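Below: the structure, in C-alpha cells.
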Amino acid sequence: MRRIAIIIITATLLASCGSKEQSVESVINSKDLKTIRTKKDELDKKQQELATQIKLLNNEIAKLDTNKKVPLITAISAHEEVFVHYLDLQGNVQTKKNVLVYPEMAGKLVKVYVKEGQRVVKGQALAKIDDGGLYQQVAQVEVQAALAKTTFERQKRLWDQKVGSEIQFLQAKTNYEATTRSVNQLKQQLGRSVIKAPFTGIVDDVIKEEGTVVAPGAGAEVFRVVNLGNMYIETDVPESYITTVKKGKEVQVEFPVLGKTVTSSVRQAGNFINPANRTFKVEVGVPNKDRSIKPNLTAKLRINDYTNQKAILIPQSIISENAKGEQYVYIVENVKNKIGKARQVIIKTGKTQGDVIEVLSGLTNGVQIIEEGARSVKDKQEVKLLNQ
C-alpha cells in the first residue's frame with residue numbers, strides 16, 4: 001500500500017508540474033459555470049485513470065507478495081450422527097401404596113403385633129381392638145346355629161320320607177338359615193376388631209400405642225404402611241410437548257441426594273391439560289430393588305422427546321444472523337495447499353442440546369465448516385486452514 005501511495009503522489013506531482021493548468025481555487029473564484037464544469041470533467045477523467053492504475057498495481061502486488069495477510073481459520077467436517085434431544089424437568093417420587101390404616105370399630109387397642117420398620121404381608125394382623133364381648137356372642141350364636149343345622153337335617157330326612165308336615169320342615173330350614181346369617185354377621189363384626197395390613201409392605205409408623213381408645217374417622221389412623229416396590233415420579237409437562245412426550249419414551253432419572261441415576265420410561269401420559277398452568281401429568285416408573293428411593297424424594301428427569309438418526313450438528317457459537325433474520329455459517333471450498341475460499345451459506349436450525357444445534361437444511365454431509373475465525377471472515381474471501 002505504501003508503494004501505491006508513492007506512485008499516486010508522484011503521478012499527481014508530475015501532472016501538476018507538466019502543465020500550467022488553473023488551480024481548483026482559481027476556477028471556483030472565476031464564477032464561470034462552464035469553466036467549473038470543464039475542470040470537474042478533467043478531474044473525473046484523471047480519477048478514473050488513477051483508479052485503473054491502482055487496480056493494476058494491486059493485482060500485481062497480490063501476485064508477487066508472498067507475505068500477504070490471509071485470515072487464519074480452523075474448520076470442522078459436517079457429518080451425520082444420531083441426535084437425541086432431552087426435555088429437562090423435575091418431579092417428586094411417589095407410591096400408590098402409601099396409606100394410613102384406620103380402625104373399623106371403636107374400642108381399646110389391646111394388642112399391637114408389629115413395630116416400625118417391620119415387613120408385613122397382605123392380610124397380616126397388625127393390632128387387636130377390644131371386641132366388647134363380641135367373641136362370646138359369636139360362640140353362643142354358633143351353638144344355636146349348630147342346633148338349628150341338626151334340626152333342619154333331621155327334619156329334611158323325614159320330609160324326604162313323606163313323614164311330618166311341610167310347615168315343620170320350612171320352620172327348621174328358616175331357623176337354620178337365620179342363625180347361619182347371624183353367625184356370619186357377628187363374625188364379620190368381630191373381624192373388624194383385628195386391624196390387618198392392606199398390602200405387602202413396610203410398617204413405616206406406629207401411630208397409636210397399646211391401651212389407646214380408637215374409633216373410625218378422621219384423625220384415628222393407627223399405622224402407616226408403605227410399599228417401596230412400586231415407585232413412580234409424577235411431573236408436569238408443558239402442553240407444547242403433548243405430541244412428543246408419550247407412553248414408552250425413554251427417561252433418565254437422577255436422584256441428586258442419593259448420587260444415583262437410573263433409566264426408565266414414561267408409563268402413563270395424562271389426557272387432561274391443566275388450564276391453570278397449561279401442563280399435563282406424566283408418570284415415570286422407578287425401579288427400587290434396594291429400597292433406597294423413598295416417597296417425596298426429589299428427582300431430575302431427562303425425557304427423550306426427539307431423536308434424529310441422521311442429524312448434522314454444529315456449535316451454536318459459529319452461527320450468525322443477517323439483516324433479514326436468516327441464520328448463516330461460512331464454509332471453505334476449493335482448498336489447495338491449505339488455502340481456500342470462504343462462502344456464506346444460509347441454514348435452518350432445529351433443536352439445541354447443550355452447546356450444539358441441529359441443522360435442518362443448508363449443509364451437506366462432508367462439507368468443511370469454518371469454526372475458529374467464523375466471525376471475522378467475509379463471503380468469497382481467501383482463507384488459510386490451520387487444521388487441514
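Convention: chains lettered A, B, ... in C-alpha cells order; per-chain residue numbering from 1; ligands numbered from 1 as shown.
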
Quick one: which region 48-153 of chain A residues come within 12 Å of region 310-313 of chain A, and what is the nearest atom pair for each with the distance in Å to one decimal, counting only C-alpha atoms, rows ordered by chain and ascending number, as CSV?
```
residue,atom,partner,partner_atom,distance
A:Ile76,CA,A:Leu313,CA,10.6
A:Ser77,CA,A:Ile312,CA,9.9
A:Ala78,CA,A:Ile312,CA,6.3
A:His79,CA,A:Ile312,CA,5.8
A:Glu80,CA,A:Lys310,CA,4.9
A:Glu81,CA,A:Lys310,CA,5.2
A:Val82,CA,A:Lys310,CA,5.7
A:Phe83,CA,A:Ala311,CA,5.9
A:Val84,CA,A:Ala311,CA,9.4
A:His85,CA,A:Ala311,CA,11.3
```

Would you mind exporting the chosen residues as an mmCIF file, in the first residue's frame, restricted to C-alpha atoms?
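Generated file (selection-v9.cif):
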```
data_model
loop_
_atom_site.group_PDB
_atom_site.id
_atom_site.type_symbol
_atom_site.label_atom_id
_atom_site.label_comp_id
_atom_site.auth_asym_id
_atom_site.auth_seq_id
_atom_site.Cartn_x
_atom_site.Cartn_y
_atom_site.Cartn_z
ATOM 1 C CA ILE A 76 -14.848 -28.899 11.118
ATOM 2 C CA SER A 77 -16.301 -31.522 8.822
ATOM 3 C CA ALA A 78 -20.097 -31.847 8.791
ATOM 4 C CA HIS A 79 -21.159 -35.450 9.256
ATOM 5 C CA GLU A 80 -24.400 -37.233 10.015
ATOM 6 C CA GLU A 81 -24.840 -38.605 13.524
ATOM 7 C CA VAL A 82 -27.564 -39.630 15.943
ATOM 8 C CA PHE A 83 -29.061 -36.637 17.742
ATOM 9 C CA VAL A 84 -31.023 -37.338 20.929
ATOM 10 C CA HIS A 85 -32.851 -34.389 22.467
#
```

**Message:** Residues of region 38-130 of chain A classed as alpha helix (DSSP H) by DSSP on the backbone are to be reported as a ChimeraX atom specification.
**Reply:** /A:38-64

Output file for the selection above: N, CA and C atoms, as a CSV table (one decimal), in the first residue's frame:
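Produced file again.csv, reproduced below:
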```
chain,number,residue,atom,x,y,z
A,38,THR,N,-15.9,22.2,-16.8
A,38,THR,CA,-14.8,21.7,-17.6
A,38,THR,C,-13.7,21.1,-16.7
A,39,LYS,N,-13.4,21.9,-15.6
A,39,LYS,CA,-12.4,21.5,-14.6
A,39,LYS,C,-12.8,20.2,-14.0
A,40,LYS,N,-14.1,20.1,-13.6
A,40,LYS,CA,-14.6,18.8,-12.9
A,40,LYS,C,-14.5,17.6,-13.9
A,41,ASP,N,-14.8,17.8,-15.1
A,41,ASP,CA,-14.7,16.7,-16.1
A,41,ASP,C,-13.3,16.2,-16.2
A,42,GLU,N,-12.3,17.2,-16.2
A,42,GLU,CA,-10.9,16.8,-16.3
A,42,GLU,C,-10.5,16.0,-15.0
A,43,LEU,N,-10.9,16.4,-13.9
A,43,LEU,CA,-10.6,15.7,-12.6
A,43,LEU,C,-11.2,14.3,-12.6
A,44,ASP,N,-12.5,14.2,-13.0
A,44,ASP,CA,-13.2,12.9,-13.1
A,44,ASP,C,-12.4,11.9,-13.9
A,45,LYS,N,-11.9,12.4,-15.1
A,45,LYS,CA,-11.2,11.6,-16.0
A,45,LYS,C,-9.9,11.1,-15.4
A,46,LYS,N,-9.2,12.0,-14.7
A,46,LYS,CA,-7.9,11.7,-14.0
A,46,LYS,C,-8.2,10.7,-12.9
A,47,GLN,N,-9.3,10.8,-12.2
A,47,GLN,CA,-9.7,9.9,-11.1
A,47,GLN,C,-9.9,8.5,-11.6
A,48,GLN,N,-10.6,8.4,-12.8
A,48,GLN,CA,-10.8,7.1,-13.4
A,48,GLN,C,-9.5,6.4,-13.8
A,49,GLU,N,-8.6,7.3,-14.4
A,49,GLU,CA,-7.3,6.8,-14.8
A,49,GLU,C,-6.5,6.2,-13.7
A,50,LEU,N,-6.5,7.0,-12.6
A,50,LEU,CA,-5.8,6.6,-11.4
A,50,LEU,C,-6.3,5.3,-10.8
A,51,ALA,N,-7.7,5.2,-10.7
A,51,ALA,CA,-8.3,4.0,-10.2
A,51,ALA,C,-7.9,2.8,-11.0
A,52,THR,N,-7.9,2.9,-12.3
A,52,THR,CA,-7.5,1.8,-13.2
A,52,THR,C,-6.0,1.4,-12.9
A,53,GLN,N,-5.2,2.4,-12.8
A,53,GLN,CA,-3.8,2.2,-12.5
A,53,GLN,C,-3.6,1.5,-11.1
A,54,ILE,N,-4.4,2.0,-10.1
A,54,ILE,CA,-4.3,1.4,-8.8
A,54,ILE,C,-4.7,-0.1,-8.8
A,55,LYS,N,-5.7,-0.4,-9.5
A,55,LYS,CA,-6.2,-1.7,-9.6
A,55,LYS,C,-5.2,-2.7,-10.2
A,56,LEU,N,-4.5,-2.2,-11.3
A,56,LEU,CA,-3.5,-3.0,-11.9
A,56,LEU,C,-2.3,-3.2,-11.0
A,57,LEU,N,-2.0,-2.2,-10.2
A,57,LEU,CA,-0.9,-2.3,-9.2
A,57,LEU,C,-1.2,-3.3,-8.1
A,58,ASN,N,-2.5,-3.2,-7.7
A,58,ASN,CA,-2.9,-4.2,-6.6
A,58,ASN,C,-2.9,-5.6,-7.1
A,59,ASN,N,-3.3,-5.8,-8.3
A,59,ASN,CA,-3.3,-7.2,-8.9
A,59,ASN,C,-1.8,-7.7,-9.0
A,60,GLU,N,-0.9,-6.8,-9.4
A,60,GLU,CA,0.5,-7.3,-9.5
A,60,GLU,C,1.1,-7.5,-8.1
A,61,ILE,N,0.7,-6.7,-7.1
A,61,ILE,CA,1.2,-6.9,-5.8
A,61,ILE,C,0.7,-8.2,-5.2
A,62,ALA,N,-0.6,-8.5,-5.5
A,62,ALA,CA,-1.1,-9.8,-5.0
A,62,ALA,C,-0.4,-11.0,-5.6
A,63,LYS,N,0.1,-10.9,-6.8
A,63,LYS,CA,0.8,-12.0,-7.4
A,63,LYS,C,2.2,-12.1,-6.9
A,64,LEU,N,2.9,-11.0,-6.6
A,64,LEU,CA,4.3,-11.0,-6.3
A,64,LEU,C,4.5,-11.1,-4.8
```

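For the residues A:Met231, A:Leu190, A:Leu301, A:Ala276, ranking by smallest atom-to-atom distance to Lys289 (chain A) using only C-alpha atoms places A:Met231 first.
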
**Asked** Could you pull out the strand (DSSP E or B) residues of region 14-179 of chain A from DSSP and send them as JSON, numbers by chain?
**Response** {"A": [72, 73, 75, 76, 77, 80, 81, 82, 83, 84, 85, 86, 87, 88, 89, 90, 91, 92, 93, 94, 95, 98, 99, 100, 101, 107, 108, 109, 110, 111, 112, 119, 120, 125, 126, 127, 128, 129]}

Write the selection just made, keeping C-alpha atoms, as a PDB file, in the first residue's frame?
```pdb
ATOM      1  CA  LEU A  72      -6.306 -17.992   9.581  1.00  0.00           C
ATOM      2  CA  ILE A  73      -9.175 -20.372  10.326  1.00  0.00           C
ATOM      3  CA  ALA A  75     -12.703 -25.999  10.019  1.00  0.00           C
ATOM      4  CA  ILE A  76     -14.848 -28.899  11.118  1.00  0.00           C
ATOM      5  CA  SER A  77     -16.301 -31.522   8.822  1.00  0.00           C
ATOM      6  CA  GLU A  80     -24.400 -37.233  10.015  1.00  0.00           C
ATOM      7  CA  GLU A  81     -24.840 -38.605  13.524  1.00  0.00           C
ATOM      8  CA  VAL A  82     -27.564 -39.630  15.943  1.00  0.00           C
ATOM      9  CA  PHE A  83     -29.061 -36.637  17.742  1.00  0.00           C
ATOM     10  CA  VAL A  84     -31.023 -37.338  20.929  1.00  0.00           C
ATOM     11  CA  HIS A  85     -32.851 -34.389  22.467  1.00  0.00           C
ATOM     12  CA  TYR A  86     -33.983 -34.390  26.092  1.00  0.00           C
ATOM     13  CA  LEU A  87     -36.583 -32.361  27.953  1.00  0.00           C
ATOM     14  CA  ASP A  88     -35.298 -31.479  31.437  1.00  0.00           C
ATOM     15  CA  LEU A  89     -37.884 -31.472  34.237  1.00  0.00           C
ATOM     16  CA  GLN A  90     -38.141 -32.042  37.974  1.00  0.00           C
ATOM     17  CA  GLY A  91     -40.533 -34.217  39.948  1.00  0.00           C
ATOM     18  CA  ASN A  92     -41.193 -35.961  43.254  1.00  0.00           C
ATOM     19  CA  VAL A  93     -41.145 -39.677  43.986  1.00  0.00           C
ATOM     20  CA  GLN A  94     -44.496 -41.141  44.929  1.00  0.00           C
ATOM     21  CA  THR A  95     -46.076 -44.534  45.513  1.00  0.00           C
ATOM     22  CA  ASN A  98     -48.541 -45.418  50.921  1.00  0.00           C
ATOM     23  CA  VAL A  99     -51.612 -45.483  53.145  1.00  0.00           C
ATOM     24  CA  LEU A 100     -52.770 -44.713  56.635  1.00  0.00           C
ATOM     25  CA  VAL A 101     -54.571 -47.660  58.252  1.00  0.00           C
ATOM     26  CA  GLY A 107     -62.664 -49.829  71.346  1.00  0.00           C
ATOM     27  CA  LYS A 108     -59.435 -50.073  73.277  1.00  0.00           C
ATOM     28  CA  LEU A 109     -56.293 -51.081  71.395  1.00  0.00           C
ATOM     29  CA  VAL A 110     -55.431 -54.131  73.487  1.00  0.00           C
ATOM     30  CA  LYS A 111     -52.567 -55.501  71.400  1.00  0.00           C
ATOM     31  CA  VAL A 112     -50.119 -54.189  68.770  1.00  0.00           C
ATOM     32  CA  ARG A 119     -42.142 -56.077  56.868  1.00  0.00           C
ATOM     33  CA  VAL A 120     -45.713 -57.377  56.691  1.00  0.00           C
ATOM     34  CA  ALA A 125     -52.798 -58.851  61.718  1.00  0.00           C
ATOM     35  CA  LEU A 126     -51.284 -55.586  62.868  1.00  0.00           C
ATOM     36  CA  ALA A 127     -53.270 -54.931  66.050  1.00  0.00           C
ATOM     37  CA  LYS A 128     -56.275 -56.119  68.107  1.00  0.00           C
ATOM     38  CA  ILE A 129     -59.128 -53.982  69.408  1.00  0.00           C
TER      39      ILE A 129
END
```

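Relative to CA of Val332 (chain A), CA of Leu386 (chain A) is found at 12.3 Å.
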
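Using only C-alpha atoms, the contacts of Glu371 (chain A) at a cut-off of 10 Å, with sequence neighbours closer than 4 positions omitted, comprise A:Ile73, A:Thr74, A:Ala75, A:Ile76, A:Ser77, A:Ile314, A:Pro315, A:Ser317, A:Ile318, A:Ile319, A:Val329, A:Tyr330, A:Ile331, A:Arg375.
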
Would you output that residue set with N, CA and C atoms, as a PDB file, in the first residue's frame?
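Heads up, here's the output in part-v1.pdb:
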```
ATOM      1  N   ILE A  73      -7.938 -19.769   9.814  1.00  0.00           N
ATOM      2  CA  ILE A  73      -9.175 -20.372  10.326  1.00  0.00           C
ATOM      3  C   ILE A  73      -8.943 -21.840  10.648  1.00  0.00           C
ATOM      4  N   THR A  74      -9.903 -22.395  11.380  1.00  0.00           N
ATOM      5  CA  THR A  74      -9.978 -23.846  11.536  1.00  0.00           C
ATOM      6  C   THR A  74     -11.343 -24.279  11.021  1.00  0.00           C
ATOM      7  N   ALA A  75     -11.443 -25.507  10.586  1.00  0.00           N
ATOM      8  CA  ALA A  75     -12.703 -25.999  10.019  1.00  0.00           C
ATOM      9  C   ALA A  75     -13.057 -27.348  10.610  1.00  0.00           C
ATOM     10  N   ILE A  76     -14.351 -27.597  10.684  1.00  0.00           N
ATOM     11  CA  ILE A  76     -14.848 -28.899  11.118  1.00  0.00           C
ATOM     12  C   ILE A  76     -15.635 -29.510   9.969  1.00  0.00           C
ATOM     13  N   SER A  77     -15.603 -30.820   9.900  1.00  0.00           N
ATOM     14  CA  SER A  77     -16.301 -31.522   8.822  1.00  0.00           C
ATOM     15  C   SER A  77     -17.711 -31.881   9.264  1.00  0.00           C
ATOM     16  N   ILE A 314     -23.736 -28.686  14.742  1.00  0.00           N
ATOM     17  CA  ILE A 314     -22.646 -27.711  14.718  1.00  0.00           C
ATOM     18  C   ILE A 314     -22.688 -26.899  16.003  1.00  0.00           C
ATOM     19  N   PRO A 315     -21.575 -26.267  16.396  1.00  0.00           N
ATOM     20  CA  PRO A 315     -21.578 -25.397  17.580  1.00  0.00           C
ATOM     21  C   PRO A 315     -22.470 -24.173  17.345  1.00  0.00           C
ATOM     22  N   SER A 317     -22.037 -21.334  18.581  1.00  0.00           N
ATOM     23  CA  SER A 317     -21.227 -20.110  18.594  1.00  0.00           C
ATOM     24  C   SER A 317     -20.799 -19.653  17.208  1.00  0.00           C
ATOM     25  N   ILE A 318     -20.836 -20.518  16.181  1.00  0.00           N
ATOM     26  CA  ILE A 318     -20.354 -20.118  14.854  1.00  0.00           C
ATOM     27  C   ILE A 318     -21.482 -19.603  13.966  1.00  0.00           C
ATOM     28  N   ILE A 319     -22.701 -19.570  14.474  1.00  0.00           N
ATOM     29  CA  ILE A 319     -23.844 -19.129  13.669  1.00  0.00           C
ATOM     30  C   ILE A 319     -24.016 -17.622  13.800  1.00  0.00           C
ATOM     31  N   VAL A 329     -23.722 -19.635   8.180  1.00  0.00           N
ATOM     32  CA  VAL A 329     -22.368 -20.005   8.588  1.00  0.00           C
ATOM     33  C   VAL A 329     -21.474 -19.869   7.361  1.00  0.00           C
ATOM     34  N   TYR A 330     -20.170 -20.004   7.562  1.00  0.00           N
ATOM     35  CA  TYR A 330     -19.231 -19.972   6.442  1.00  0.00           C
ATOM     36  C   TYR A 330     -18.632 -21.362   6.258  1.00  0.00           C
ATOM     37  N   ILE A 331     -18.554 -21.766   4.997  1.00  0.00           N
ATOM     38  CA  ILE A 331     -17.856 -22.999   4.665  1.00  0.00           C
ATOM     39  C   ILE A 331     -16.633 -22.636   3.834  1.00  0.00           C
ATOM     40  N   ARG A 375     -16.301 -15.527  12.722  1.00  0.00           N
ATOM     41  CA  ARG A 375     -16.856 -14.186  12.905  1.00  0.00           C
ATOM     42  C   ARG A 375     -16.080 -13.107  12.156  1.00  0.00           C
TER      43      ARG A 375
END
```
